[in-house]
Amino acid sequence: MPQTFLEQSVAVASILLLVGMLLAFIRLLKGPDDADRIVALDLISILIVALLALFAIYADETSFLDVAIAYALVAFLGTVALARFRMRTGAASEPGKTGAGRRR
């Protein structure tokens, strides 16, 4: 059964997004630093938003875009909260660590 160009494009883009999520998940597990893990988690969130937008295009259903926007807002707040937590716990000011948010 032949597929349309849209279906082929969605399939290829979905595979690329899932590979990106897998690579970001590996970085999330390996680290080596908390900042790397926070960035990996943020990247996974961005890729999930892109996957939701891609599915909205494929299904021709705009309600998935609303879900993607809401998820993006929550993910952004989560990233900011994790970054502030890391800054307050002093992980950025430990010896050997780099960070501009040192408090004296």
# chains A, B, ... in the order shown; residues from 1 in each chain; ligands from 1
call {"tool": "residues_around", "arguments": {"residues": "A:Val67", "least_positions_apart": "3", "cutoff": "12 Å", "atoms": "only C-alpha atoms", "output": "ChimeraX atom specification"}}
result
/A:48-53,55-56,61-64,70-75
call {"tool": "write_last_selection", "arguments": {"atoms": "all heavy atoms", "output": "compact mmCIF listing (two decimals), in the first residue's frame"}}
result
# COMPACT_ATOMS: atom_id res chain seq x y z
N ILE A 48 9.75 15.97 23.04
CA ILE A 48 8.37 15.51 23.25
C ILE A 48 7.39 16.53 22.67
O ILE A 48 6.40 16.17 22.04
CB ILE A 48 8.11 15.23 24.74
CG1 ILE A 48 8.83 13.97 25.18
CG2 ILE A 48 6.61 15.12 25.02
CD1 ILE A 48 8.80 13.71 26.66
N VAL A 49 7.67 17.82 22.88
CA VAL A 49 6.82 18.86 22.30
C VAL A 49 6.83 18.76 20.77
O VAL A 49 5.79 18.87 20.12
CB VAL A 49 7.27 20.26 22.78
CG1 VAL A 49 6.57 21.36 22.02
CG2 VAL A 49 7.01 20.40 24.27
N ALA A 50 8.01 18.54 20.20
CA ALA A 50 8.11 18.39 18.74
C ALA A 50 7.34 17.16 18.27
O ALA A 50 6.68 17.20 17.22
CB ALA A 50 9.57 18.30 18.32
N LEU A 51 7.40 16.07 19.02
CA LEU A 51 6.66 14.86 18.65
C LEU A 51 5.15 15.10 18.73
O LEU A 51 4.40 14.62 17.87
CB LEU A 51 7.08 13.72 19.57
CG LEU A 51 6.77 12.31 19.12
CD1 LEU A 51 7.46 12.00 17.81
CD2 LEU A 51 7.20 11.31 20.17
N LEU A 52 4.71 15.83 19.74
CA LEU A 52 3.28 16.16 19.83
C LEU A 52 2.83 17.05 18.67
O LEU A 52 1.75 16.86 18.11
CB LEU A 52 2.98 16.86 21.16
CG LEU A 52 2.96 15.97 22.40
CD1 LEU A 52 2.94 16.81 23.66
CD2 LEU A 52 1.76 15.04 22.36
N ALA A 53 3.67 18.01 18.30
CA ALA A 53 3.34 18.86 17.15
C ALA A 53 3.31 18.05 15.86
O ALA A 53 2.44 18.26 15.01
CB ALA A 53 4.35 20.00 17.05
N PHE A 55 2.60 14.87 15.61
CA PHE A 55 1.38 14.06 15.63
C PHE A 55 0.15 14.91 15.34
O PHE A 55 -0.80 14.44 14.71
CB PHE A 55 1.24 13.35 16.98
CG PHE A 55 0.15 12.32 16.98
CD1 PHE A 55 0.28 11.15 16.26
CD2 PHE A 55 -1.01 12.54 17.69
CE1 PHE A 55 -0.73 10.21 16.24
CE2 PHE A 55 -2.03 11.62 17.69
CZ PHE A 55 -1.90 10.44 16.96
N ALA A 56 0.16 16.15 15.78
CA ALA A 56 -0.96 17.05 15.48
C ALA A 56 -1.06 17.30 13.98
O ALA A 56 -2.16 17.36 13.42
CB ALA A 56 -0.80 18.37 16.22
N GLU A 61 -5.32 17.32 13.85
CA GLU A 61 -6.09 17.61 15.05
C GLU A 61 -5.34 18.67 15.86
O GLU A 61 -4.23 18.43 16.35
CB GLU A 61 -6.25 16.34 15.90
CG GLU A 61 -7.11 16.47 17.11
CD GLU A 61 -8.56 16.71 16.77
OE1 GLU A 61 -9.07 16.10 15.82
OE2 GLU A 61 -9.18 17.53 17.46
N THR A 62 -5.92 19.84 15.97
CA THR A 62 -5.22 20.95 16.62
C THR A 62 -5.20 20.85 18.15
O THR A 62 -4.44 21.57 18.79
CB THR A 62 -5.86 22.29 16.22
OG1 THR A 62 -7.23 22.27 16.60
CG2 THR A 62 -5.73 22.52 14.74
N SER A 63 -5.97 19.97 18.72
CA SER A 63 -5.99 19.85 20.18
C SER A 63 -4.65 19.34 20.71
O SER A 63 -4.29 19.62 21.86
CB SER A 63 -7.12 18.95 20.64
OG SER A 63 -6.97 17.65 20.13
N PHE A 64 -3.90 18.60 19.90
CA PHE A 64 -2.59 18.15 20.33
C PHE A 64 -1.61 19.32 20.46
O PHE A 64 -0.66 19.25 21.24
CB PHE A 64 -2.03 17.10 19.37
CG PHE A 64 -2.75 15.79 19.44
CD1 PHE A 64 -3.50 15.34 18.38
CD2 PHE A 64 -2.67 15.00 20.58
CE1 PHE A 64 -4.16 14.14 18.43
CE2 PHE A 64 -3.34 13.80 20.65
CZ PHE A 64 -4.09 13.37 19.58
N ALA A 70 0.94 23.42 26.60
CA ALA A 70 0.84 23.26 28.05
C ALA A 70 2.03 22.46 28.58
O ALA A 70 2.63 22.82 29.61
CB ALA A 70 -0.46 22.56 28.41
N TYR A 71 2.42 21.41 27.87
CA TYR A 71 3.57 20.60 28.29
C TYR A 71 4.86 21.43 28.25
O TYR A 71 5.71 21.32 29.12
CB TYR A 71 3.70 19.35 27.43
CG TYR A 71 4.83 18.46 27.86
CD1 TYR A 71 4.69 17.61 28.94
CD2 TYR A 71 6.06 18.50 27.21
CE1 TYR A 71 5.74 16.81 29.37
CE2 TYR A 71 7.11 17.71 27.63
CZ TYR A 71 6.94 16.87 28.70
OH TYR A 71 7.98 16.09 29.12
N ALA A 72 5.00 22.26 27.21
CA ALA A 72 6.19 23.10 27.09
C ALA A 72 6.30 24.08 28.26
O ALA A 72 7.39 24.30 28.78
CB ALA A 72 6.18 23.85 25.76
N LEU A 73 5.18 24.65 28.66
CA LEU A 73 5.19 25.58 29.80
C LEU A 73 5.57 24.88 31.09
O LEU A 73 6.39 25.39 31.88
CB LEU A 73 3.83 26.26 29.95
CG LEU A 73 3.47 27.25 28.84
CD1 LEU A 73 2.02 27.70 29.00
CD2 LEU A 73 4.40 28.44 28.87
N VAL A 74 5.02 23.71 31.32
CA VAL A 74 5.34 22.96 32.54
C VAL A 74 6.79 22.51 32.52
O VAL A 74 7.50 22.58 33.54
CB VAL A 74 4.37 21.76 32.69
CG1 VAL A 74 4.82 20.84 33.81
CG2 VAL A 74 2.96 22.25 32.95
N ALA A 75 7.28 22.06 31.36
CA ALA A 75 8.67 21.61 31.25
C ALA A 75 9.63 22.77 31.48
O ALA A 75 10.67 22.60 32.13
CB ALA A 75 8.90 21.00 29.88
call {"tool": "closest_residue", "arguments": {"among": "A:Leu47, A:Val80, A:Met87, A:Ile26", "to": "A:Ala68", "atoms": "only C-alpha atoms"}}
result
A:Leu47
